[in-house]
>>> print(open('target_11.cif').read())   # mmCIF, N, CA and C atoms
data_run
#
loop_
_atom_site.label_atom_id
_atom_site.label_comp_id
_atom_site.auth_asym_id
_atom_site.auth_seq_id
_atom_site.Cartn_x
_atom_site.Cartn_y
_atom_site.Cartn_z
N MET M 1243 -112.18 -120.57 -97.22
CA MET M 1243 -112.38 -119.20 -97.65
C MET M 1243 -111.63 -118.98 -98.96
N THR M 1244 -112.29 -118.33 -99.90
CA THR M 1244 -111.67 -117.98 -101.18
C THR M 1244 -111.14 -116.56 -101.07
N GLN M 1245 -109.86 -116.40 -101.40
CA GLN M 1245 -109.21 -115.09 -101.32
C GLN M 1245 -108.93 -114.59 -102.74
N ILE M 1246 -109.37 -113.35 -103.01
CA ILE M 1246 -109.28 -112.78 -104.35
C ILE M 1246 -108.57 -111.44 -104.28
N LEU M 1247 -107.57 -111.28 -105.14
CA LEU M 1247 -106.81 -110.03 -105.24
C LEU M 1247 -107.19 -109.32 -106.54
N LEU M 1248 -107.51 -108.05 -106.44
CA LEU M 1248 -107.88 -107.22 -107.58
C LEU M 1248 -106.71 -106.29 -107.88
N VAL M 1249 -106.25 -106.27 -109.15
CA VAL M 1249 -105.00 -105.60 -109.47
C VAL M 1249 -105.15 -104.65 -110.65
N CYS M 1250 -104.62 -103.43 -110.47
CA CYS M 1250 -104.47 -102.48 -111.56
C CYS M 1250 -103.03 -101.99 -111.54
N MET M 1251 -102.76 -100.83 -112.13
CA MET M 1251 -101.38 -100.37 -112.20
C MET M 1251 -100.90 -99.75 -110.89
N ALA M 1252 -101.51 -98.66 -110.47
CA ALA M 1252 -101.00 -97.92 -109.30
C ALA M 1252 -101.81 -98.17 -108.02
N ASN M 1253 -102.91 -98.91 -108.14
CA ASN M 1253 -103.74 -99.21 -106.99
C ASN M 1253 -104.34 -97.96 -106.36
N VAL M 1254 -104.73 -97.00 -107.21
CA VAL M 1254 -105.40 -95.79 -106.71
C VAL M 1254 -106.76 -95.55 -107.37
N CYS M 1255 -107.07 -96.26 -108.45
CA CYS M 1255 -108.37 -96.05 -109.13
C CYS M 1255 -109.15 -97.36 -109.26
N ARG M 1256 -108.80 -98.13 -110.28
CA ARG M 1256 -109.61 -99.29 -110.65
C ARG M 1256 -109.65 -100.38 -109.58
N SER M 1257 -108.50 -100.81 -109.10
CA SER M 1257 -108.54 -101.93 -108.14
C SER M 1257 -109.16 -101.54 -106.79
N PRO M 1258 -108.93 -100.32 -106.27
CA PRO M 1258 -109.67 -99.97 -105.05
C PRO M 1258 -111.18 -99.84 -105.29
N MET M 1259 -111.54 -99.40 -106.50
CA MET M 1259 -112.97 -99.34 -106.83
C MET M 1259 -113.55 -100.75 -106.86
N ALA M 1260 -112.82 -101.67 -107.50
CA ALA M 1260 -113.28 -103.06 -107.58
C ALA M 1260 -113.36 -103.68 -106.18
N LEU M 1261 -112.41 -103.34 -105.33
CA LEU M 1261 -112.42 -103.83 -103.95
C LEU M 1261 -113.68 -103.38 -103.22
N ALA M 1262 -114.01 -102.10 -103.33
CA ALA M 1262 -115.21 -101.58 -102.66
C ALA M 1262 -116.47 -102.26 -103.17
N VAL M 1263 -116.57 -102.44 -104.48
CA VAL M 1263 -117.74 -103.08 -105.07
C VAL M 1263 -117.82 -104.54 -104.62
N ALA M 1264 -116.70 -105.25 -104.69
CA ALA M 1264 -116.69 -106.67 -104.31
C ALA M 1264 -117.08 -106.86 -102.85
N GLN M 1265 -116.51 -106.05 -101.99
CA GLN M 1265 -116.83 -106.17 -100.56
C GLN M 1265 -118.30 -105.90 -100.29
N GLN M 1266 -118.85 -104.86 -100.92
CA GLN M 1266 -120.25 -104.51 -100.69
C GLN M 1266 -121.20 -105.57 -101.25
N LEU M 1267 -120.94 -106.03 -102.48
CA LEU M 1267 -121.84 -107.02 -103.09
C LEU M 1267 -121.75 -108.36 -102.35
N ALA M 1268 -120.55 -108.74 -101.91
CA ALA M 1268 -120.41 -109.97 -101.12
C ALA M 1268 -121.15 -109.82 -99.78
N ARG M 1269 -121.04 -108.65 -99.17
CA ARG M 1269 -121.74 -108.39 -97.91
C ARG M 1269 -123.26 -108.47 -98.14
N ASN M 1270 -123.74 -107.89 -99.24
CA ASN M 1270 -125.18 -107.93 -99.55
C ASN M 1270 -125.68 -109.36 -99.74
N GLN M 1271 -124.79 -110.24 -100.21
CA GLN M 1271 -125.16 -111.65 -100.43
C GLN M 1271 -124.89 -112.52 -99.19
N GLY M 1272 -124.40 -111.92 -98.12
CA GLY M 1272 -124.10 -112.67 -96.91
C GLY M 1272 -122.93 -113.63 -97.07
N ARG M 1273 -121.94 -113.24 -97.88
CA ARG M 1273 -120.84 -114.16 -98.20
C ARG M 1273 -119.49 -113.69 -97.66
N THR M 1274 -119.48 -112.76 -96.72
CA THR M 1274 -118.21 -112.22 -96.23
C THR M 1274 -117.38 -113.26 -95.46
N SER M 1275 -118.01 -114.30 -94.93
CA SER M 1275 -117.24 -115.32 -94.23
C SER M 1275 -116.60 -116.31 -95.21
N LYS M 1276 -117.03 -116.28 -96.45
CA LYS M 1276 -116.51 -117.22 -97.45
C LYS M 1276 -115.59 -116.57 -98.48
N LEU M 1277 -115.65 -115.25 -98.58
CA LEU M 1277 -114.86 -114.52 -99.58
C LEU M 1277 -114.07 -113.41 -98.92
N ARG M 1278 -112.80 -113.29 -99.28
CA ARG M 1278 -111.96 -112.20 -98.79
C ARG M 1278 -111.33 -111.53 -99.99
N PHE M 1279 -111.39 -110.21 -100.01
CA PHE M 1279 -110.86 -109.42 -101.13
C PHE M 1279 -109.78 -108.47 -100.66
N ASP M 1280 -108.85 -108.18 -101.56
CA ASP M 1280 -107.85 -107.15 -101.34
C ASP M 1280 -107.52 -106.57 -102.71
N SER M 1281 -106.74 -105.50 -102.72
CA SER M 1281 -106.32 -104.92 -103.99
C SER M 1281 -104.86 -104.50 -103.89
N ALA M 1282 -104.22 -104.43 -105.07
CA ALA M 1282 -102.81 -104.06 -105.15
C ALA M 1282 -102.53 -103.54 -106.55
N GLY M 1283 -101.32 -103.06 -106.75
CA GLY M 1283 -100.92 -102.53 -108.05
C GLY M 1283 -99.64 -103.17 -108.54
N THR M 1284 -99.47 -103.17 -109.85
CA THR M 1284 -98.25 -103.73 -110.43
C THR M 1284 -97.11 -102.72 -110.45
N HIS M 1285 -97.43 -101.44 -110.45
CA HIS M 1285 -96.42 -100.37 -110.50
C HIS M 1285 -96.81 -99.26 -109.54
N VAL M 1286 -96.62 -99.48 -108.26
CA VAL M 1286 -97.04 -98.52 -107.23
C VAL M 1286 -95.84 -97.65 -106.85
N PRO M 1287 -95.93 -96.34 -107.13
CA PRO M 1287 -94.82 -95.44 -106.84
C PRO M 1287 -94.80 -94.93 -105.40
N GLY M 1288 -95.23 -95.73 -104.46
CA GLY M 1288 -95.32 -95.29 -103.06
C GLY M 1288 -96.76 -95.30 -102.61
N ALA M 1289 -96.98 -95.45 -101.33
CA ALA M 1289 -98.34 -95.52 -100.79
C ALA M 1289 -99.07 -94.21 -101.01
N LYS M 1290 -100.16 -94.30 -101.75
CA LYS M 1290 -100.98 -93.12 -102.03
C LYS M 1290 -102.43 -93.43 -101.69
N ARG M 1291 -103.20 -92.39 -101.50
CA ARG M 1291 -104.63 -92.54 -101.23
C ARG M 1291 -105.39 -92.82 -102.52
N ILE M 1292 -106.59 -93.37 -102.37
CA ILE M 1292 -107.47 -93.59 -103.51
C ILE M 1292 -107.73 -92.24 -104.19
N ASP M 1293 -107.80 -92.26 -105.51
CA ASP M 1293 -108.07 -91.06 -106.29
C ASP M 1293 -109.42 -90.46 -105.86
N ALA M 1294 -109.46 -89.14 -105.72
CA ALA M 1294 -110.67 -88.46 -105.25
C ALA M 1294 -111.86 -88.70 -106.19
N ARG M 1295 -111.59 -88.80 -107.48
CA ARG M 1295 -112.68 -89.04 -108.44
C ARG M 1295 -113.23 -90.46 -108.28
N ALA M 1296 -112.35 -91.42 -108.03
CA ALA M 1296 -112.80 -92.79 -107.79
C ALA M 1296 -113.66 -92.84 -106.53
N GLN M 1297 -113.20 -92.17 -105.50
CA GLN M 1297 -113.95 -92.12 -104.25
C GLN M 1297 -115.31 -91.47 -104.47
N ALA M 1298 -115.36 -90.40 -105.25
CA ALA M 1298 -116.62 -89.69 -105.49
C ALA M 1298 -117.65 -90.56 -106.19
N VAL M 1299 -117.24 -91.29 -107.23
CA VAL M 1299 -118.22 -92.13 -107.94
C VAL M 1299 -118.65 -93.32 -107.07
N LEU M 1300 -117.75 -93.84 -106.25
CA LEU M 1300 -118.13 -94.91 -105.34
C LEU M 1300 -119.17 -94.42 -104.34
N LEU M 1301 -118.91 -93.29 -103.73
CA LEU M 1301 -119.85 -92.75 -102.73
C LEU M 1301 -121.19 -92.39 -103.35
N LYS M 1302 -121.17 -91.89 -104.57
CA LYS M 1302 -122.41 -91.54 -105.28
C LYS M 1302 -123.32 -92.76 -105.43
N ARG M 1303 -122.70 -93.95 -105.57
CA ARG M 1303 -123.48 -95.18 -105.74
C ARG M 1303 -123.56 -96.00 -104.45
N GLN M 1304 -123.29 -95.36 -103.34
CA GLN M 1304 -123.45 -96.00 -102.02
C GLN M 1304 -122.43 -97.09 -101.71
N TYR M 1305 -121.25 -97.02 -102.31
CA TYR M 1305 -120.16 -97.93 -101.96
C TYR M 1305 -119.24 -97.22 -100.99
N THR M 1306 -118.69 -97.97 -100.05
CA THR M 1306 -117.74 -97.41 -99.09
C THR M 1306 -116.33 -97.76 -99.54
N PRO M 1307 -115.55 -96.75 -99.91
CA PRO M 1307 -114.16 -97.05 -100.27
C PRO M 1307 -113.44 -97.66 -99.07
N GLY M 1308 -112.94 -98.88 -99.24
CA GLY M 1308 -112.35 -99.58 -98.12
C GLY M 1308 -110.83 -99.51 -98.08
N LYS M 1309 -110.24 -99.05 -99.14
CA LYS M 1309 -108.77 -99.03 -99.23
C LYS M 1309 -108.29 -97.63 -98.87
N THR M 1310 -107.36 -97.54 -97.93
CA THR M 1310 -106.86 -96.23 -97.55
C THR M 1310 -105.52 -95.89 -98.20
N ARG M 1311 -104.71 -96.90 -98.48
CA ARG M 1311 -103.39 -96.68 -99.08
C ARG M 1311 -103.11 -97.74 -100.14
N SER M 1312 -102.46 -97.31 -101.20
CA SER M 1312 -102.08 -98.24 -102.26
C SER M 1312 -100.94 -99.14 -101.79
N ARG M 1313 -100.82 -100.29 -102.46
CA ARG M 1313 -99.70 -101.19 -102.16
C ARG M 1313 -99.30 -101.93 -103.43
N GLN M 1314 -98.07 -102.36 -103.45
CA GLN M 1314 -97.48 -103.10 -104.56
C GLN M 1314 -97.80 -104.59 -104.41
N VAL M 1315 -98.05 -105.25 -105.54
CA VAL M 1315 -98.18 -106.71 -105.53
C VAL M 1315 -96.87 -107.28 -105.00
N SER M 1316 -96.97 -108.28 -104.13
CA SER M 1316 -95.77 -108.91 -103.57
C SER M 1316 -95.71 -110.38 -103.96
N ALA M 1317 -94.55 -110.97 -103.82
CA ALA M 1317 -94.36 -112.38 -104.14
C ALA M 1317 -95.30 -113.26 -103.30
N LYS M 1318 -95.56 -112.86 -102.06
CA LYS M 1318 -96.44 -113.62 -101.18
C LYS M 1318 -97.87 -113.67 -101.70
N ASP M 1319 -98.28 -112.63 -102.43
CA ASP M 1319 -99.64 -112.60 -102.96
C ASP M 1319 -99.95 -113.79 -103.85
N PHE M 1320 -98.95 -114.26 -104.60
CA PHE M 1320 -99.17 -115.37 -105.53
C PHE M 1320 -99.42 -116.69 -104.80
N GLU M 1321 -98.98 -116.78 -103.59
CA GLU M 1321 -99.24 -117.97 -102.78
C GLU M 1321 -100.50 -117.81 -101.94
N ARG M 1322 -100.77 -116.59 -101.51
CA ARG M 1322 -101.87 -116.32 -100.58
C ARG M 1322 -103.25 -116.30 -101.24
N PHE M 1323 -103.31 -115.81 -102.48
CA PHE M 1323 -104.61 -115.61 -103.12
C PHE M 1323 -104.96 -116.76 -104.05
N ASP M 1324 -106.24 -117.12 -104.03
CA ASP M 1324 -106.75 -118.19 -104.88
C ASP M 1324 -107.01 -117.71 -106.30
N LEU M 1325 -107.30 -116.42 -106.42
CA LEU M 1325 -107.62 -115.82 -107.71
C LEU M 1325 -107.07 -114.41 -107.73
N ILE M 1326 -106.36 -114.06 -108.80
CA ILE M 1326 -105.79 -112.73 -108.93
C ILE M 1326 -106.32 -112.16 -110.24
N LEU M 1327 -107.12 -111.09 -110.12
CA LEU M 1327 -107.83 -110.53 -111.26
C LEU M 1327 -107.24 -109.20 -111.68
N ALA M 1328 -106.74 -109.15 -112.91
CA ALA M 1328 -106.16 -107.93 -113.47
C ALA M 1328 -107.25 -107.11 -114.15
N MET M 1329 -107.05 -105.79 -114.11
CA MET M 1329 -108.01 -104.90 -114.75
C MET M 1329 -107.82 -104.79 -116.26
N ASP M 1330 -106.61 -105.08 -116.75
CA ASP M 1330 -106.38 -105.01 -118.20
C ASP M 1330 -105.26 -105.95 -118.61
N GLU M 1331 -105.07 -106.07 -119.91
CA GLU M 1331 -104.06 -106.99 -120.47
C GLU M 1331 -102.65 -106.61 -120.02
N ALA M 1332 -102.35 -105.32 -119.92
CA ALA M 1332 -101.01 -104.89 -119.50
C ALA M 1332 -100.73 -105.33 -118.06
N ASN M 1333 -101.71 -105.19 -117.19
CA ASN M 1333 -101.55 -105.64 -115.80
C ASN M 1333 -101.43 -107.15 -115.73
N LEU M 1334 -102.21 -107.85 -116.57
CA LEU M 1334 -102.12 -109.31 -116.61
C LEU M 1334 -100.73 -109.76 -117.06
N ALA M 1335 -100.18 -109.09 -118.06
CA ALA M 1335 -98.83 -109.43 -118.54
C ALA M 1335 -97.80 -109.18 -117.43
N ALA M 1336 -97.94 -108.07 -116.71
CA ALA M 1336 -97.01 -107.78 -115.61
C ALA M 1336 -97.12 -108.84 -114.52
N LEU M 1337 -98.34 -109.26 -114.21
CA LEU M 1337 -98.54 -110.30 -113.20
C LEU M 1337 -97.90 -111.62 -113.65
N LYS M 1338 -98.04 -111.95 -114.92
CA LYS M 1338 -97.46 -113.20 -115.43
C LYS M 1338 -95.94 -113.19 -115.32
N ARG M 1339 -95.33 -112.03 -115.49
CA ARG M 1339 -93.87 -111.92 -115.34
C ARG M 1339 -93.44 -112.11 -113.88
N LEU M 1340 -94.27 -111.68 -112.95
CA LEU M 1340 -93.94 -111.76 -111.53
C LEU M 1340 -94.31 -113.09 -110.89
N CYS M 1341 -95.33 -113.72 -111.42
CA CYS M 1341 -95.92 -114.90 -110.82
C CYS M 1341 -95.14 -116.17 -111.17
N PRO M 1342 -94.95 -117.06 -110.20
CA PRO M 1342 -94.34 -118.35 -110.51
C PRO M 1342 -95.21 -119.09 -111.53
N PRO M 1343 -94.61 -119.74 -112.52
CA PRO M 1343 -95.38 -120.44 -113.56
C PRO M 1343 -96.40 -121.44 -113.00
N THR M 1344 -96.10 -122.03 -111.86
CA THR M 1344 -97.02 -123.00 -111.27
C THR M 1344 -98.30 -122.36 -110.75
N ARG M 1345 -98.34 -121.03 -110.66
CA ARG M 1345 -99.52 -120.32 -110.15
C ARG M 1345 -100.22 -119.49 -111.23
N HIS M 1346 -99.80 -119.61 -112.48
CA HIS M 1346 -100.41 -118.84 -113.57
C HIS M 1346 -101.91 -119.11 -113.71
N ASP M 1347 -102.35 -120.28 -113.27
CA ASP M 1347 -103.77 -120.61 -113.37
C ASP M 1347 -104.64 -119.74 -112.45
N THR M 1348 -104.04 -119.00 -111.53
CA THR M 1348 -104.80 -118.12 -110.63
C THR M 1348 -105.03 -116.75 -111.26
N LEU M 1349 -104.37 -116.45 -112.39
CA LEU M 1349 -104.41 -115.13 -113.01
C LEU M 1349 -105.49 -115.07 -114.09
N ARG M 1350 -106.32 -114.02 -114.00
CA ARG M 1350 -107.37 -113.80 -115.00
C ARG M 1350 -107.66 -112.32 -115.12
N LEU M 1351 -108.40 -111.98 -116.14
CA LEU M 1351 -108.92 -110.62 -116.29
C LEU M 1351 -110.26 -110.53 -115.58
N LEU M 1352 -110.52 -109.43 -114.89
CA LEU M 1352 -111.82 -109.25 -114.23
C LEU M 1352 -112.96 -109.37 -115.24
N MET M 1353 -112.76 -108.78 -116.42
CA MET M 1353 -113.86 -108.75 -117.39
C MET M 1353 -114.14 -110.11 -118.02
N SER M 1354 -113.32 -111.11 -117.74
CA SER M 1354 -113.63 -112.46 -118.21
C SER M 1354 -114.89 -113.00 -117.51
N PHE M 1355 -115.30 -112.34 -116.44
CA PHE M 1355 -116.50 -112.72 -115.72
C PHE M 1355 -117.74 -111.99 -116.23
N ALA M 1356 -117.57 -111.15 -117.24
CA ALA M 1356 -118.71 -110.46 -117.87
C ALA M 1356 -118.54 -110.51 -119.38
N PRO M 1357 -118.46 -111.72 -119.94
CA PRO M 1357 -118.20 -111.85 -121.38
C PRO M 1357 -119.29 -111.25 -122.26
N GLU M 1358 -120.48 -111.13 -121.72
CA GLU M 1358 -121.60 -110.57 -122.49
C GLU M 1358 -121.35 -109.12 -122.91
N LEU M 1359 -120.44 -108.44 -122.23
CA LEU M 1359 -120.15 -107.03 -122.57
C LEU M 1359 -119.19 -106.91 -123.75
N GLY M 1360 -118.48 -107.98 -124.07
CA GLY M 1360 -117.54 -107.94 -125.18
C GLY M 1360 -116.35 -107.04 -124.94
N VAL M 1361 -115.99 -106.86 -123.67
CA VAL M 1361 -114.89 -105.99 -123.27
C VAL M 1361 -113.89 -106.83 -122.49
N THR M 1362 -112.60 -106.70 -122.81
CA THR M 1362 -111.60 -107.44 -122.05
C THR M 1362 -110.93 -106.60 -120.98
N ASP M 1363 -110.78 -105.30 -121.24
CA ASP M 1363 -110.06 -104.41 -120.33
C ASP M 1363 -110.99 -103.42 -119.63
N VAL M 1364 -110.68 -103.17 -118.37
CA VAL M 1364 -111.26 -102.02 -117.66
C VAL M 1364 -110.25 -100.90 -117.90
N PRO M 1365 -110.63 -99.88 -118.68
CA PRO M 1365 -109.65 -98.84 -119.03
C PRO M 1365 -109.24 -97.99 -117.84
N ASP M 1366 -108.02 -97.50 -117.89
CA ASP M 1366 -107.50 -96.66 -116.82
C ASP M 1366 -108.11 -95.26 -116.94
N PRO M 1367 -108.89 -94.83 -115.95
CA PRO M 1367 -109.55 -93.52 -116.05
C PRO M 1367 -108.71 -92.36 -115.52
N TYR M 1368 -107.51 -92.64 -115.04
CA TYR M 1368 -106.73 -91.65 -114.29
C TYR M 1368 -106.55 -90.32 -115.02
N TYR M 1369 -106.26 -90.35 -116.30
CA TYR M 1369 -106.01 -89.09 -117.03
C TYR M 1369 -107.26 -88.52 -117.69
N GLY M 1370 -108.42 -89.06 -117.34
CA GLY M 1370 -109.66 -88.59 -117.93
C GLY M 1370 -110.51 -87.81 -116.95
N ASP M 1371 -111.78 -87.72 -117.29
CA ASP M 1371 -112.71 -86.96 -116.46
C ASP M 1371 -113.59 -87.89 -115.63
N LEU M 1372 -114.51 -87.30 -114.90
CA LEU M 1372 -115.39 -88.06 -114.02
C LEU M 1372 -116.23 -89.08 -114.78
N ALA M 1373 -116.61 -88.76 -116.01
CA ALA M 1373 -117.41 -89.69 -116.82
C ALA M 1373 -116.63 -90.99 -117.06
N GLY M 1374 -115.33 -90.90 -117.20
CA GLY M 1374 -114.51 -92.09 -117.36
C GLY M 1374 -114.55 -92.98 -116.13
N PHE M 1375 -114.57 -92.36 -114.97
CA PHE M 1375 -114.66 -93.13 -113.72
C PHE M 1375 -116.03 -93.80 -113.59
N GLU M 1376 -117.07 -93.12 -114.05
CA GLU M 1376 -118.42 -93.71 -114.05
C GLU M 1376 -118.46 -94.93 -114.95
N ARG M 1377 -117.88 -94.82 -116.15
CA ARG M 1377 -117.84 -95.95 -117.09
C ARG M 1377 -117.07 -97.12 -116.47
N VAL M 1378 -115.94 -96.82 -115.86
CA VAL M 1378 -115.14 -97.85 -115.22
C VAL M 1378 -115.93 -98.53 -114.11
N LEU M 1379 -116.66 -97.78 -113.33
CA LEU M 1379 -117.47 -98.38 -112.27
C LEU M 1379 -118.55 -99.29 -112.85
N ASN M 1380 -119.14 -98.90 -113.96
CA ASN M 1380 -120.13 -99.77 -114.61
C ASN M 1380 -119.51 -101.11 -115.01
N LEU M 1381 -118.31 -101.06 -115.60
CA LEU M 1381 -117.62 -102.28 -116.01
C LEU M 1381 -117.25 -103.14 -114.79
N ILE M 1382 -116.74 -102.49 -113.77
CA ILE M 1382 -116.36 -103.21 -112.55
C ILE M 1382 -117.57 -103.89 -111.92
N GLU M 1383 -118.68 -103.19 -111.84
CA GLU M 1383 -119.89 -103.80 -111.27
C GLU M 1383 -120.28 -105.06 -112.04
N ALA M 1384 -120.24 -104.99 -113.37
CA ALA M 1384 -120.59 -106.16 -114.19
C ALA M 1384 -119.61 -107.30 -113.94
N GLY M 1385 -118.31 -106.98 -113.90
CA GLY M 1385 -117.31 -108.02 -113.67
C GLY M 1385 -117.44 -108.67 -112.31
N ILE M 1386 -117.66 -107.86 -111.29
CA ILE M 1386 -117.79 -108.40 -109.92
C ILE M 1386 -119.07 -109.22 -109.79
N LYS M 1387 -120.15 -108.77 -110.38
CA LYS M 1387 -121.40 -109.56 -110.33
C LYS M 1387 -121.20 -110.92 -110.99
N GLY M 1388 -120.51 -110.93 -112.14
CA GLY M 1388 -120.22 -112.19 -112.80
C GLY M 1388 -119.31 -113.09 -111.97
N LEU M 1389 -118.32 -112.47 -111.34
CA LEU M 1389 -117.42 -113.21 -110.46
C LEU M 1389 -118.19 -113.87 -109.33
N LEU M 1390 -119.03 -113.10 -108.65
CA LEU M 1390 -119.78 -113.63 -107.52
C LEU M 1390 -120.75 -114.72 -107.94
N ALA M 1391 -121.21 -114.68 -109.17
CA ALA M 1391 -122.10 -115.74 -109.66
C ALA M 1391 -121.33 -117.05 -109.89
N GLN M 1392 -120.00 -116.96 -110.05
CA GLN M 1392 -119.21 -118.15 -110.36
C GLN M 1392 -118.41 -118.70 -109.19
N VAL M 1393 -118.16 -117.90 -108.16
CA VAL M 1393 -117.34 -118.42 -107.04
C VAL M 1393 -118.22 -118.70 -105.82
#
>>> encode(input="target_11.cif", output="structure tokens")
Amino acid sequence: MTQILLVCMANVCRSPMALAVAQQLARNQGRTSKLRFDSAGTHVPGAKRIDARAQAVLLKRQYTPGKTRSRQVSAKDFERFDLILAMDEANLAALKRLCPPTRHDTLRLLMSFAPELGVTDVPDPYYGDLAGFERVLNLIEAGIKGLLAQV
């Protein structure tokens, strides 16, 4: 089984959205026995629920938000997960500081799986409006589809 961790800053917007998309698309492909997904944050200020705007755009597109509470990336994650995907360069840099050097090969950007878009970062929509969450979901869907085509 391949285990994949999706990471953003607070684990309330982007990574829970990516988790919902990954779980649904893997389920649609009949790959849930071969792929396991989770999400976490690099700077989690306490367990919080998924952002209501993130939940709204997921539900609008028929995704089931699967994450109920945010969590911090832990040292065990670097041993447990085969692939750890950051939503942006800042999260990737934070992961590299936390991760043992021998496991740096497991760290990547989600958008590296959708190079055709010419985008490296999934922007943080937290301080924006609903349209920002829609754009983020579009990017996440492209990244997850590319990921599933490669793993």
>>> atom_distance(input="target_11.cif", atom1="atom N of Glu1331 of chain M", atom2="atom N of Thr1348 of chain M")
15.4 Å
>>> select_by_dssp(input="target_11.cif", residues="chain M", states="strand (DSSP E)", output="number ranges by chain")
M: 1244-1250, 1277-1283, 1325-1328, 1349-1351
>>> write_last_selection(input="target_11.cif", atoms="N, CA and C atoms", output="PDB file, keeping the file's coordinate frame")
ATOM      1  N   THR M1244    -112.290-118.330 -99.900  1.00  0.00           N
ATOM      2  CA  THR M1244    -111.670-117.980-101.180  1.00  0.00           C
ATOM      3  C   THR M1244    -111.140-116.560-101.070  1.00  0.00           C
ATOM      4  N   GLN M1245    -109.860-116.400-101.400  1.00  0.00           N
ATOM      5  CA  GLN M1245    -109.210-115.090-101.320  1.00  0.00           C
ATOM      6  C   GLN M1245    -108.930-114.590-102.740  1.00  0.00           C
ATOM      7  N   ILE M1246    -109.370-113.350-103.010  1.00  0.00           N
ATOM      8  CA  ILE M1246    -109.280-112.780-104.350  1.00  0.00           C
ATOM      9  C   ILE M1246    -108.570-111.440-104.280  1.00  0.00           C
ATOM     10  N   LEU M1247    -107.570-111.280-105.140  1.00  0.00           N
ATOM     11  CA  LEU M1247    -106.810-110.030-105.240  1.00  0.00           C
ATOM     12  C   LEU M1247    -107.190-109.320-106.540  1.00  0.00           C
ATOM     13  N   LEU M1248    -107.510-108.050-106.440  1.00  0.00           N
ATOM     14  CA  LEU M1248    -107.880-107.220-107.580  1.00  0.00           C
ATOM     15  C   LEU M1248    -106.710-106.290-107.880  1.00  0.00           C
ATOM     16  N   VAL M1249    -106.250-106.270-109.150  1.00  0.00           N
ATOM     17  CA  VAL M1249    -105.000-105.600-109.470  1.00  0.00           C
ATOM     18  C   VAL M1249    -105.150-104.650-110.650  1.00  0.00           C
ATOM     19  N   CYS M1250    -104.620-103.430-110.470  1.00  0.00           N
ATOM     20  CA  CYS M1250    -104.470-102.480-111.560  1.00  0.00           C
ATOM     21  C   CYS M1250    -103.030-101.990-111.540  1.00  0.00           C
ATOM     22  N   LEU M1277    -115.650-115.250 -98.580  1.00  0.00           N
ATOM     23  CA  LEU M1277    -114.860-114.520 -99.580  1.00  0.00           C
ATOM     24  C   LEU M1277    -114.070-113.410 -98.920  1.00  0.00           C
ATOM     25  N   ARG M1278    -112.800-113.290 -99.280  1.00  0.00           N
ATOM     26  CA  ARG M1278    -111.960-112.200 -98.790  1.00  0.00           C
ATOM     27  C   ARG M1278    -111.330-111.530 -99.990  1.00  0.00           C
ATOM     28  N   PHE M1279    -111.390-110.210-100.010  1.00  0.00           N
ATOM     29  CA  PHE M1279    -110.860-109.420-101.130  1.00  0.00           C
ATOM     30  C   PHE M1279    -109.780-108.470-100.660  1.00  0.00           C
ATOM     31  N   ASP M1280    -108.850-108.180-101.560  1.00  0.00           N
ATOM     32  CA  ASP M1280    -107.850-107.150-101.340  1.00  0.00           C
ATOM     33  C   ASP M1280    -107.520-106.570-102.710  1.00  0.00           C
ATOM     34  N   SER M1281    -106.740-105.500-102.720  1.00  0.00           N
ATOM     35  CA  SER M1281    -106.320-104.920-103.990  1.00  0.00           C
ATOM     36  C   SER M1281    -104.860-104.500-103.890  1.00  0.00           C
ATOM     37  N   ALA M1282    -104.220-104.430-105.070  1.00  0.00           N
ATOM     38  CA  ALA M1282    -102.810-104.060-105.150  1.00  0.00           C
ATOM     39  C   ALA M1282    -102.530-103.540-106.550  1.00  0.00           C
ATOM     40  N   GLY M1283    -101.320-103.060-106.750  1.00  0.00           N
ATOM     41  CA  GLY M1283    -100.920-102.530-108.050  1.00  0.00           C
ATOM     42  C   GLY M1283     -99.640-103.170-108.540  1.00  0.00           C
ATOM     43  N   LEU M1325    -107.300-116.420-106.420  1.00  0.00           N
ATOM     44  CA  LEU M1325    -107.620-115.820-107.710  1.00  0.00           C
ATOM     45  C   LEU M1325    -107.070-114.410-107.730  1.00  0.00           C
ATOM     46  N   ILE M1326    -106.360-114.060-108.800  1.00  0.00           N
ATOM     47  CA  ILE M1326    -105.790-112.730-108.930  1.00  0.00           C
ATOM     48  C   ILE M1326    -106.320-112.160-110.240  1.00  0.00           C
ATOM     49  N   LEU M1327    -107.120-111.090-110.120  1.00  0.00           N
ATOM     50  CA  LEU M1327    -107.830-110.530-111.260  1.00  0.00           C
ATOM     51  C   LEU M1327    -107.240-109.200-111.680  1.00  0.00           C
ATOM     52  N   ALA M1328    -106.740-109.150-112.910  1.00  0.00           N
ATOM     53  CA  ALA M1328    -106.160-107.930-113.470  1.00  0.00           C
ATOM     54  C   ALA M1328    -107.250-107.110-114.150  1.00  0.00           C
ATOM     55  N   LEU M1349    -104.370-116.450-112.390  1.00  0.00           N
ATOM     56  CA  LEU M1349    -104.410-115.130-113.010  1.00  0.00           C
ATOM     57  C   LEU M1349    -105.490-115.070-114.090  1.00  0.00           C
ATOM     58  N   ARG M1350    -106.320-114.020-114.000  1.00  0.00           N
ATOM     59  CA  ARG M1350    -107.370-113.800-115.000  1.00  0.00           C
ATOM     60  C   ARG M1350    -107.660-112.320-115.120  1.00  0.00           C
ATOM     61  N   LEU M1351    -108.400-111.980-116.140  1.00  0.00           N
ATOM     62  CA  LEU M1351    -108.920-110.620-116.290  1.00  0.00           C
ATOM     63  C   LEU M1351    -110.260-110.530-115.580  1.00  0.00           C
TER      64      LEU M1351
END
>>> residues_near_point(input="target_11.cif", point="(-117.5, -109.3, -114.4)", cutoff="8 Å", atoms="all atoms listed in the file", output="ChimeraX atom specification")
/M:1351-1357,1381-1390
>>> closest_residue(input="target_11.cif", among="M:His1285, M:Thr1306, M:Asp1347, M:Met1329", to="Leu1267 of chain M", atoms="only C-alpha atoms")
M:Thr1306
>>> closest_residue(input="target_11.cif", among="M:Ala1332, M:Ala1317, M:Leu1325, M:Leu1372", to="Ala1296 of chain M", atoms="all atoms listed in the file")
M:Leu1372
